[in-house]
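As stored in run06.txt (compact mmCIF, N, CA and C atoms):
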```txt
# COMPACT_ATOMS: atom_id res chain seq x y z
N MET A 345 -9.12 -3.77 5.78
CA MET A 345 -8.35 -3.25 4.68
C MET A 345 -9.29 -2.50 3.77
N ALA A 346 -8.76 -1.43 3.17
CA ALA A 346 -9.55 -0.63 2.24
C ALA A 346 -8.66 -0.17 1.10
N THR A 347 -9.27 0.04 -0.06
CA THR A 347 -8.57 0.57 -1.22
C THR A 347 -9.27 1.86 -1.63
N TYR A 348 -8.46 2.91 -1.81
CA TYR A 348 -8.99 4.22 -2.14
C TYR A 348 -8.47 4.70 -3.48
N PRO A 349 -9.34 5.26 -4.34
CA PRO A 349 -8.83 5.93 -5.53
C PRO A 349 -7.99 7.12 -5.07
N PHE A 350 -6.78 7.26 -5.60
CA PHE A 350 -5.89 8.30 -5.10
C PHE A 350 -4.89 8.65 -6.20
N PRO A 351 -5.22 9.61 -7.07
CA PRO A 351 -4.24 10.04 -8.09
C PRO A 351 -2.93 10.47 -7.41
N GLY A 352 -1.82 9.95 -7.91
CA GLY A 352 -0.52 10.27 -7.32
C GLY A 352 -0.25 9.57 -6.02
N ALA A 353 -0.86 8.41 -5.82
CA ALA A 353 -0.75 7.68 -4.55
C ALA A 353 0.70 7.37 -4.19
N TYR A 354 1.49 6.94 -5.15
CA TYR A 354 2.87 6.55 -4.84
C TYR A 354 3.68 7.75 -4.36
N ALA A 355 3.54 8.88 -5.03
CA ALA A 355 4.27 10.10 -4.62
C ALA A 355 3.83 10.53 -3.22
N ALA A 356 2.55 10.40 -2.93
CA ALA A 356 2.05 10.78 -1.60
C ALA A 356 2.63 9.86 -0.53
N ILE A 357 2.71 8.58 -0.81
CA ILE A 357 3.29 7.63 0.15
C ILE A 357 4.78 7.93 0.35
N GLU A 358 5.48 8.27 -0.75
CA GLU A 358 6.90 8.64 -0.62
C GLU A 358 7.07 9.85 0.30
N ALA A 359 6.20 10.83 0.16
CA ALA A 359 6.29 12.03 0.99
C ALA A 359 6.06 11.70 2.47
N VAL A 360 5.07 10.87 2.75
CA VAL A 360 4.80 10.48 4.14
C VAL A 360 5.97 9.66 4.68
N ALA A 361 6.53 8.78 3.85
CA ALA A 361 7.65 7.94 4.28
C ALA A 361 8.88 8.76 4.63
N ALA A 362 9.03 9.94 4.03
CA ALA A 362 10.18 10.80 4.29
C ALA A 362 10.01 11.64 5.55
N ALA A 363 8.81 11.68 6.09
CA ALA A 363 8.54 12.51 7.27
C ALA A 363 9.13 11.88 8.53
N PRO A 364 9.54 12.72 9.47
CA PRO A 364 10.04 12.19 10.75
C PRO A 364 8.97 11.33 11.43
N GLY A 365 9.40 10.22 12.00
CA GLY A 365 8.48 9.34 12.70
C GLY A 365 7.81 8.32 11.81
N SER A 366 8.12 8.31 10.51
CA SER A 366 7.53 7.34 9.59
C SER A 366 8.50 6.22 9.31
N ARG A 367 7.95 5.05 9.06
CA ARG A 367 8.77 3.88 8.70
C ARG A 367 8.43 3.47 7.28
N ARG A 368 9.43 3.41 6.43
CA ARG A 368 9.29 3.05 5.02
C ARG A 368 9.43 1.53 4.89
N ILE A 369 8.55 0.92 4.07
CA ILE A 369 8.56 -0.53 3.87
C ILE A 369 8.63 -0.79 2.37
N ALA A 370 9.76 -1.31 1.89
CA ALA A 370 9.90 -1.68 0.48
C ALA A 370 9.12 -2.97 0.26
N LEU A 371 8.33 -2.99 -0.81
CA LEU A 371 7.48 -4.14 -1.11
C LEU A 371 7.84 -4.73 -2.47
N PRO A 372 7.50 -5.99 -2.70
CA PRO A 372 7.75 -6.60 -4.01
C PRO A 372 7.06 -5.81 -5.12
N ARG A 373 7.59 -5.94 -6.32
CA ARG A 373 7.04 -5.32 -7.53
C ARG A 373 7.06 -3.80 -7.46
N GLY A 374 8.01 -3.24 -6.68
CA GLY A 374 8.18 -1.80 -6.62
C GLY A 374 7.25 -1.07 -5.70
N GLY A 375 6.46 -1.79 -4.93
CA GLY A 375 5.52 -1.15 -4.01
C GLY A 375 6.22 -0.50 -2.84
N LEU A 376 5.49 0.40 -2.20
CA LEU A 376 6.01 1.10 -1.04
C LEU A 376 4.93 1.18 0.02
N GLY A 377 5.29 0.83 1.23
CA GLY A 377 4.38 0.95 2.35
C GLY A 377 4.95 1.93 3.35
N VAL A 378 4.08 2.51 4.17
CA VAL A 378 4.54 3.42 5.21
C VAL A 378 3.62 3.29 6.41
N VAL A 379 4.24 3.33 7.58
CA VAL A 379 3.50 3.40 8.83
C VAL A 379 4.02 4.64 9.54
N SER A 380 3.12 5.47 10.02
CA SER A 380 3.54 6.70 10.68
C SER A 380 3.36 6.58 12.18
N ALA A 381 4.17 7.32 12.91
CA ALA A 381 4.09 7.29 14.37
C ALA A 381 2.72 7.75 14.86
N SER A 382 2.07 8.63 14.09
CA SER A 382 0.77 9.14 14.52
C SER A 382 -0.37 8.14 14.29
N HIS A 383 -0.15 7.13 13.43
CA HIS A 383 -1.15 6.09 13.16
C HIS A 383 -0.47 4.72 13.07
N PRO A 384 0.06 4.22 14.18
CA PRO A 384 0.84 2.97 14.13
C PRO A 384 0.03 1.71 13.88
N ASP A 385 -1.31 1.81 13.87
CA ASP A 385 -2.14 0.64 13.62
C ASP A 385 -2.55 0.50 12.15
N SER A 386 -2.03 1.40 11.28
CA SER A 386 -2.33 1.35 9.85
C SER A 386 -1.05 1.40 9.03
N VAL A 387 -1.05 0.66 7.93
CA VAL A 387 0.02 0.75 6.94
C VAL A 387 -0.65 1.14 5.63
N HIS A 388 -0.12 2.18 4.99
CA HIS A 388 -0.62 2.61 3.69
C HIS A 388 0.35 2.14 2.62
N VAL A 389 -0.18 1.63 1.52
CA VAL A 389 0.61 1.00 0.47
C VAL A 389 0.23 1.60 -0.88
N ALA A 390 1.24 1.79 -1.74
CA ALA A 390 0.99 2.25 -3.11
C ALA A 390 2.04 1.62 -4.04
N TYR A 391 1.70 1.61 -5.33
CA TYR A 391 2.59 1.09 -6.35
C TYR A 391 2.76 2.15 -7.44
N PRO A 392 3.95 2.24 -8.04
CA PRO A 392 4.18 3.24 -9.09
C PRO A 392 3.20 3.06 -10.25
N GLY A 393 2.64 4.17 -10.71
CA GLY A 393 1.76 4.13 -11.88
C GLY A 393 0.35 3.69 -11.60
N ILE A 394 0.01 3.40 -10.35
CA ILE A 394 -1.32 2.95 -9.98
C ILE A 394 -1.95 4.01 -9.09
N ASP A 395 -3.09 4.53 -9.48
CA ASP A 395 -3.74 5.62 -8.77
C ASP A 395 -4.70 5.14 -7.68
N TYR A 396 -4.23 4.20 -6.89
CA TYR A 396 -4.99 3.70 -5.75
C TYR A 396 -4.03 3.53 -4.58
N GLN A 397 -4.56 3.70 -3.39
CA GLN A 397 -3.81 3.48 -2.17
C GLN A 397 -4.54 2.42 -1.35
N VAL A 398 -3.79 1.49 -0.79
CA VAL A 398 -4.36 0.45 0.05
C VAL A 398 -3.99 0.76 1.50
N GLU A 399 -4.98 0.64 2.37
CA GLU A 399 -4.72 0.81 3.80
C GLU A 399 -4.99 -0.51 4.50
N VAL A 400 -4.00 -0.99 5.24
CA VAL A 400 -4.16 -2.18 6.07
C VAL A 400 -4.25 -1.68 7.51
N TYR A 401 -5.38 -1.93 8.14
CA TYR A 401 -5.61 -1.48 9.51
C TYR A 401 -5.87 -2.68 10.40
N VAL A 402 -5.15 -2.76 11.49
CA VAL A 402 -5.38 -3.77 12.51
C VAL A 402 -5.28 -3.05 13.85
N PRO A 403 -6.31 -3.12 14.69
CA PRO A 403 -6.31 -2.34 15.93
C PRO A 403 -5.41 -2.89 17.04
N ARG A 404 -4.41 -3.67 16.68
CA ARG A 404 -3.40 -4.14 17.63
C ARG A 404 -2.06 -3.55 17.20
N LEU A 405 -1.40 -2.87 18.10
CA LEU A 405 -0.16 -2.17 17.79
C LEU A 405 0.85 -3.09 17.11
N GLY A 406 1.31 -2.70 15.94
CA GLY A 406 2.32 -3.44 15.20
C GLY A 406 1.80 -4.55 14.32
N ALA A 407 0.53 -4.92 14.45
CA ALA A 407 0.01 -6.06 13.68
C ALA A 407 -0.06 -5.77 12.19
N ALA A 408 -0.51 -4.59 11.80
CA ALA A 408 -0.58 -4.24 10.37
C ALA A 408 0.82 -4.21 9.77
N LEU A 409 1.76 -3.65 10.50
CA LEU A 409 3.15 -3.61 10.03
C LEU A 409 3.70 -5.01 9.83
N ARG A 410 3.43 -5.90 10.76
CA ARG A 410 3.91 -7.29 10.62
C ARG A 410 3.28 -7.97 9.41
N LEU A 411 2.00 -7.74 9.17
CA LEU A 411 1.33 -8.36 8.02
C LEU A 411 1.94 -7.89 6.70
N VAL A 412 2.09 -6.58 6.56
CA VAL A 412 2.58 -6.03 5.29
C VAL A 412 4.06 -6.34 5.10
N SER A 413 4.89 -6.11 6.11
CA SER A 413 6.32 -6.35 5.96
C SER A 413 6.64 -7.84 5.88
N GLY A 414 5.73 -8.67 6.35
CA GLY A 414 5.92 -10.12 6.26
C GLY A 414 5.44 -10.72 4.95
N GLY A 415 5.04 -9.87 4.01
CA GLY A 415 4.63 -10.36 2.69
C GLY A 415 3.21 -10.91 2.65
N ARG A 416 2.37 -10.54 3.60
CA ARG A 416 1.01 -11.09 3.66
C ARG A 416 0.02 -10.32 2.81
N LEU A 417 0.40 -9.16 2.27
CA LEU A 417 -0.48 -8.41 1.39
C LEU A 417 -0.28 -8.93 -0.03
N ALA A 418 -1.35 -9.44 -0.62
CA ALA A 418 -1.26 -10.03 -1.96
C ALA A 418 -2.21 -9.31 -2.90
N ALA A 419 -1.75 -9.01 -4.09
CA ALA A 419 -2.61 -8.36 -5.08
C ALA A 419 -3.68 -9.33 -5.54
N VAL A 420 -4.86 -8.80 -5.79
CA VAL A 420 -5.92 -9.63 -6.34
C VAL A 420 -6.18 -9.29 -7.80
N CYS A 421 -5.31 -8.49 -8.38
CA CYS A 421 -5.39 -8.16 -9.80
C CYS A 421 -4.00 -7.81 -10.29
N ASP A 422 -3.87 -7.62 -11.58
CA ASP A 422 -2.60 -7.23 -12.18
C ASP A 422 -2.32 -5.78 -11.83
N LEU A 423 -1.16 -5.50 -11.27
CA LEU A 423 -0.80 -4.13 -10.89
C LEU A 423 -0.14 -3.35 -12.01
N ALA A 424 0.10 -3.98 -13.15
CA ALA A 424 0.74 -3.28 -14.25
C ALA A 424 -0.22 -2.29 -14.88
N PRO A 425 0.22 -1.03 -15.08
CA PRO A 425 -0.66 -0.07 -15.76
C PRO A 425 -0.96 -0.55 -17.18
N ALA A 426 -2.13 -0.22 -17.66
CA ALA A 426 -2.51 -0.61 -19.03
C ALA A 426 -1.54 0.02 -20.02
N ARG A 427 -1.24 -0.68 -21.09
CA ARG A 427 -0.23 -0.23 -22.04
C ARG A 427 -0.80 0.26 -23.36
N HIS A 428 -2.10 0.19 -23.58
CA HIS A 428 -2.63 0.65 -24.86
C HIS A 428 -3.50 1.87 -24.68
N LEU A 429 -3.69 2.63 -25.74
CA LEU A 429 -4.46 3.87 -25.68
C LEU A 429 -5.90 3.61 -25.28
N GLY A 430 -6.44 4.48 -24.47
CA GLY A 430 -7.83 4.38 -24.08
C GLY A 430 -8.10 3.42 -22.93
N ALA A 431 -7.06 2.80 -22.42
CA ALA A 431 -7.27 1.83 -21.34
C ALA A 431 -7.51 2.54 -20.02
N GLN A 432 -8.28 1.93 -19.19
CA GLN A 432 -8.55 2.46 -17.86
C GLN A 432 -7.47 1.96 -16.90
N PRO A 433 -7.16 2.74 -15.84
CA PRO A 433 -6.18 2.27 -14.86
C PRO A 433 -6.67 1.00 -14.15
N VAL A 434 -5.74 0.20 -13.73
CA VAL A 434 -6.04 -1.05 -13.03
C VAL A 434 -5.97 -0.78 -11.54
N THR A 435 -6.93 -1.26 -10.79
CA THR A 435 -6.93 -1.02 -9.34
C THR A 435 -5.89 -1.86 -8.66
N ALA A 436 -5.47 -1.43 -7.49
CA ALA A 436 -4.49 -2.14 -6.70
C ALA A 436 -5.13 -2.75 -5.46
N ALA A 437 -6.36 -3.22 -5.62
CA ALA A 437 -7.04 -3.86 -4.50
C ALA A 437 -6.23 -5.06 -4.04
N GLY A 438 -6.28 -5.35 -2.77
CA GLY A 438 -5.50 -6.46 -2.28
C GLY A 438 -6.22 -7.21 -1.19
N THR A 439 -5.59 -8.23 -0.70
CA THR A 439 -6.12 -9.00 0.39
C THR A 439 -4.95 -9.39 1.29
N VAL A 440 -5.22 -9.58 2.54
CA VAL A 440 -4.20 -10.07 3.45
C VAL A 440 -4.37 -11.58 3.53
N THR A 441 -3.28 -12.29 3.26
CA THR A 441 -3.34 -13.74 3.23
C THR A 441 -2.98 -14.33 4.57
N GLY A 442 -3.47 -15.50 4.85
CA GLY A 442 -3.08 -16.22 6.06
C GLY A 442 -3.84 -15.76 7.29
N GLY A 443 -3.32 -16.17 8.45
CA GLY A 443 -3.95 -15.97 9.76
C GLY A 443 -4.24 -14.55 10.15
N ARG A 444 -4.22 -14.27 11.41
CA ARG A 444 -4.63 -12.98 11.96
C ARG A 444 -3.49 -12.02 12.08
```
How does the structure come out when it is put into structure tokens?
Amino acid sequence: MATYPFPGAYAAIEAVAAAPGSRRIALPRGGLGVVSASHPDSVHVAYPGIDYQVEVYVPRLGAALRLVSGGRLAAVCDLAPARHLGAQPVTAAGTVTGGR
């Protein structure tokens, strides 16, 4: 799994999710995941207002999709954007919980 700084991450994930051959995954707390036919071993995840994208990669076909859609991706920090002036964005780093 990797987390990338990505301004506009949620909009980018929405665009990929709308493309033919992509599968959209609704996630808790307003998150969105997508797996594309061209990269079925990775799921990319983003949350509204957070300028980071998380990629879950498992080199077994369908395994990343099962982990993310099964609720195994857990935030390791608060995903809420900062609410006061001068605050820095909060990262959306995550971890996959449980087995393989």
Using only C-alpha atoms, which protein or nucleic acid residues come within 9 Å of Leu405 of chain A? Drop anything in the same chain fewer than 6 positions from it, and give the result as a PDB file with N, CA and C atoms, keeping the file's coordinate frame.
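Heads up, here's the output in out_28.pdb:
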```
ATOM      1  N   PRO A 384       0.060   4.220  14.180  1.00  0.00           N
ATOM      2  CA  PRO A 384       0.840   2.970  14.130  1.00  0.00           C
ATOM      3  C   PRO A 384       0.030   1.710  13.880  1.00  0.00           C
ATOM      4  N   ASP A 385      -1.310   1.810  13.870  1.00  0.00           N
ATOM      5  CA  ASP A 385      -2.140   0.640  13.620  1.00  0.00           C
ATOM      6  C   ASP A 385      -2.550   0.500  12.150  1.00  0.00           C
ATOM      7  N   SER A 386      -2.030   1.400  11.280  1.00  0.00           N
ATOM      8  CA  SER A 386      -2.330   1.350   9.850  1.00  0.00           C
ATOM      9  C   SER A 386      -1.050   1.400   9.030  1.00  0.00           C
TER      10      SER A 386
END
```
Just to confirm, what's the straight-line distance from atom CA of Ile394 of chain A to atom CA of Leu371 of chain A in Å (one decimal)?
14.4 Å
Report as a PyMOL selection string all protein, DNA and RNA residues lying within 8 Å of Ala390 of chain A, evaluated on only N, CA and C atoms, omitting residues in the same chain fewer than 2 positions from it.
chain A and resi 352-355+357-358+374-378+387-388+392-399+436
Report, in Å to a single decimal, how far apart atom CA of Pro349 of chain A and atom CA of Ser380 of chain A are.
20.4 Å
In Å and to one decimal, atom CA of Val402 of chain A is distant from atom CA of Pro351 of chain A by 24.8 Å
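For the choices A:Ala356, A:Ile369, A:Ala361, A:Ala346, the atom-to-atom distance to Gly415 of chain A is smallest for A:Ile369 when using only C-alpha atoms.
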